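> Structure provided below as structure tokens; questions to follow.
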Amino acid sequence: MTTAPASTSAAAPTASGAAFPRRRTGRAPSDPRPIVGWLFIAPNLVGVLLFTFVPLVSVVLLSFTEWNLVSGIEGIEFVGLDNFLFVLQDPTFWRSLLITVVYAGVAVPLTLAVGLLLAIALNRDLPGRGMLRACFFIPYIVNIVAIGMTWMMLLDPSAGLLNQFLGFFGAESLPGWFASSRWALPALILVTIWAQAGYACLIYLSALQDAPEQLYEAARIDGAGRWTMFRSITWPSLLPASVFLLITLFVGISQSFGMIALITNGGPGASTTTLSFYMYQTSFQFYRFGYASAVGLVTFLGIFVLMLVMWRAQRGRALHD
């Protein structure tokens, strides 16, 4: 008597007695989720490629060339490292670098200090605290044109509200503010602090609310004062937020262009010509796109190295990560 052959769909036994299913001959349908995910990020990915990656590569390539735009694509001439060598010998570049360092080096620490004081004050249980937080944050999201026009009226040398206020108290030699080569940069620093302090306040507020409350309770039990608690608990817990603000504000303020172009146009003279405005003048006024690209690349590398040093210097010093 013969036995029927085993079904091909049956499991085949192994040497140990276990069975495993045979491989299916049919093809399983593909999972559409990866394709859907790529479709969702495609618009943003295309935007990053077109408006970030392509300009960055173009700047790197143009920095080794001499191109005045008027001559067209055929007028691009490869000059090697000549643009970078000229950057090191350019007195206008070094003057603009000094102005940028003073501008960002003064505005950033003062913005951090004002933002921290506002955050500590608004972190308490105050009446109308939510409205106050919104009022201090509004300048950060206001259009730069509105900010510039408002401060140009406030700091007008003859009819400005601030000079009228100073004159009311008997001040004789009133500052010229944006019309004076001596006062234009301090006035820009003042406007920058006013516009950016709300952003710093918001970041510090979130960090203060994340501070370990049990450490404050232990410090109060031990009889520690407010200054001791701030120095030993509050500031170390705010160190990551401070470094984040230091990096983002320094990058943003050192690359500030709109406010300078609107209010002072780099003047009077060249008293407010920062590196970003100098790159604009070199490229779109003098049509030296190759040299402007070299200045931009040198600026980018300098800021990147400085930010890397800042970031590594704070590692391991925070109260908690």
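FYI, nothing fancy with the structure tokens labels: chains A, B, ... in order, residues from 1 per chain, ligands from 1 as they appear.
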Give me, as CSV, each residue of segment 153-260 of chain A that comes within 7 Å of segment 94-116 of chain A, together with its shortest interatomic pair and the distance in Å at one decimal, counting only C-alpha atoms, with rows ordered by chain and rising residue number.

residue,atom,partner,partner_atom,distance
A:Ile189,CA,A:Ala107,CA,5.4
A:Thr192,CA,A:Ala107,CA,6.8
A:Ile193,CA,A:Thr111,CA,5.1
A:Gln196,CA,A:Thr111,CA,6.6
A:Ala197,CA,A:Gly115,CA,4.9
A:Gly198,CA,A:Gly115,CA,6.4
A:Ala200,CA,A:Gly115,CA,4.8
A:Cys201,CA,A:Gly115,CA,4.1
A:Tyr204,CA,A:Leu116,CA,6.2
A:Leu246,CA,A:Val108,CA,6.9
A:Leu249,CA,A:Val108,CA,6.3
A:Phe250,CA,A:Ala104,CA,6.0
A:Ile253,CA,A:Ala104,CA,5.8
A:Ser254,CA,A:Ala104,CA,5.5
> Would you mind exporting N, CA and C atoms of the selected residues as a compact mmCIF listing (two decimals), in the first residue's frame?

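What follows is the written file again-v7.txt:
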# COMPACT_ATOMS: atom_id res chain seq x y z
N ILE A 189 23.54 98.87 19.21
CA ILE A 189 23.61 97.90 20.30
C ILE A 189 22.39 98.02 21.20
N THR A 192 19.44 96.47 19.41
CA THR A 192 19.59 95.02 19.36
C THR A 192 19.23 94.37 20.69
N ILE A 193 19.68 94.96 21.79
CA ILE A 193 19.34 94.42 23.10
C ILE A 193 17.83 94.45 23.32
N GLN A 196 16.23 91.61 21.19
CA GLN A 196 16.61 90.22 21.44
C GLN A 196 16.42 89.78 22.88
N ALA A 197 16.20 90.72 23.80
CA ALA A 197 16.10 90.35 25.21
C ALA A 197 14.91 89.44 25.48
N GLY A 198 13.80 89.61 24.77
CA GLY A 198 12.65 88.76 24.96
C GLY A 198 12.92 87.30 24.62
N ALA A 200 15.94 85.81 24.82
CA ALA A 200 16.76 85.28 25.91
C ALA A 200 15.92 85.02 27.16
N CYS A 201 14.97 85.92 27.42
CA CYS A 201 14.09 85.74 28.58
C CYS A 201 13.28 84.46 28.45
N TYR A 204 15.55 81.41 29.12
CA TYR A 204 15.90 81.33 30.54
C TYR A 204 14.69 80.92 31.38
N LEU A 246 24.30 82.03 23.93
CA LEU A 246 25.54 82.69 23.52
C LEU A 246 25.87 82.37 22.07
N LEU A 249 22.80 83.75 19.65
CA LEU A 249 22.78 85.21 19.58
C LEU A 249 24.03 85.76 18.91
N PHE A 250 25.18 85.18 19.18
CA PHE A 250 26.41 85.67 18.55
C PHE A 250 26.37 85.46 17.05
N ILE A 253 23.56 87.98 15.70
CA ILE A 253 23.90 89.40 15.78
C ILE A 253 25.11 89.73 14.90
N SER A 254 26.09 88.85 14.87
CA SER A 254 27.27 89.11 14.03
C SER A 254 26.91 89.11 12.54
> Hey, which bits of segment 242-304 of chain A sit within 10 Å of segment 161-184 of chain A, and for each residue what's the closest pair of atoms and how far apart in Å (one decimal), counting only C-alpha atoms, rows by chain and increasing number, as JSON lines?

{"residue": "A:Ile260", "atom": "CA", "partner": "A:Ala184", "partner_atom": "CA", "distance": 10.0}
{"residue": "A:Ile263", "atom": "CA", "partner": "A:Phe178", "partner_atom": "CA", "distance": 7.4}
{"residue": "A:Thr264", "atom": "CA", "partner": "A:Phe178", "partner_atom": "CA", "distance": 6.4}
{"residue": "A:Gly266", "atom": "CA", "partner": "A:Ala184", "partner_atom": "CA", "distance": 9.5}
{"residue": "A:Gly267", "atom": "CA", "partner": "A:Ser181", "partner_atom": "CA", "distance": 7.0}
{"residue": "A:Pro268", "atom": "CA", "partner": "A:Ser181", "partner_atom": "CA", "distance": 5.1}
{"residue": "A:Gly269", "atom": "CA", "partner": "A:Ser181", "partner_atom": "CA", "distance": 6.8}
{"residue": "A:Ala270", "atom": "CA", "partner": "A:Ser181", "partner_atom": "CA", "distance": 8.0}
{"residue": "A:Ser271", "atom": "CA", "partner": "A:Ser181", "partner_atom": "CA", "distance": 5.5}
{"residue": "A:Thr272", "atom": "CA", "partner": "A:Ala184", "partner_atom": "CA", "distance": 6.9}
> Between A:Ser237, A:Thr92, A:Gln214, A:Asn143, which is the closest to Met259 of chain A once you count only C-alpha atoms?
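Distance minimum relative to Met259 of chain A lands on A:Asn143.
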> Which one is closest to Leu215 of chain A: A:Ile141, A:Met229, A:Ile35, A:Ala241? Count only C-alpha atoms.
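Nearest to Leu215 of chain A: A:Met229.
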> Quick one: residues within 10 Å of Ser232 of chain A, only C-alpha atoms counted, chain neighbours fewer than 5 positions away excluded, as a PDB file with C-alpha atoms, in the first residue's frame?

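Result file out-v6.pdb:
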ATOM      1  CA  LEU A 215      18.256  71.412  45.769  1.00  0.00           C
ATOM      2  CA  TYR A 216      16.646  74.748  46.639  1.00  0.00           C
ATOM      3  CA  ALA A 219      19.779  74.921  50.542  1.00  0.00           C
ATOM      4  CA  ALA A 224      21.755  79.501  52.315  1.00  0.00           C
ATOM      5  CA  ARG A 226      19.631  84.033  47.697  1.00  0.00           C
ATOM      6  CA  TRP A 227      23.025  84.887  46.275  1.00  0.00           C
ATOM      7  CA  SER A 237      21.533  74.783  36.007  1.00  0.00           C
ATOM      8  CA  LEU A 319      24.566  71.133  37.144  1.00  0.00           C
TER       9      LEU A 319
END
> So, with only C-alpha atoms as the atoms that count, which of A:Ile120, A:Ala211, A:Val60, A:Met307 lies closest to Tyr291 of chain A?
A:Val60
> Name the residues of segment 47-190 of chain A that come out as strand (DSSP E) in a backbone DSSP run; write them as a list in words.
Thr65, Glu66, Glu77 and Phe78 of chain A
> List as a Markdown table every residue of segment 56-133 of chain A that is in contact with segment 283-288 of chain A, defined as an atom at most 9 Å from one of its atoms (using only C-alpha atoms), together with the nearest atom pair and the distance in Å rounded to one decimal, sorted by chain and then rising number.

| residue | atom | partner | partner_atom | distance |
| --- | --- | --- | --- | --- |
| A:Glu66 | CA | A:Arg288 | CA | 7.0 |
| A:Trp67 | CA | A:Arg288 | CA | 6.0 |
| A:Asn68 | CA | A:Tyr287 | CA | 4.6 |
| A:Leu69 | CA | A:Tyr287 | CA | 6.3 |
| A:Val70 | CA | A:Tyr287 | CA | 7.8 |
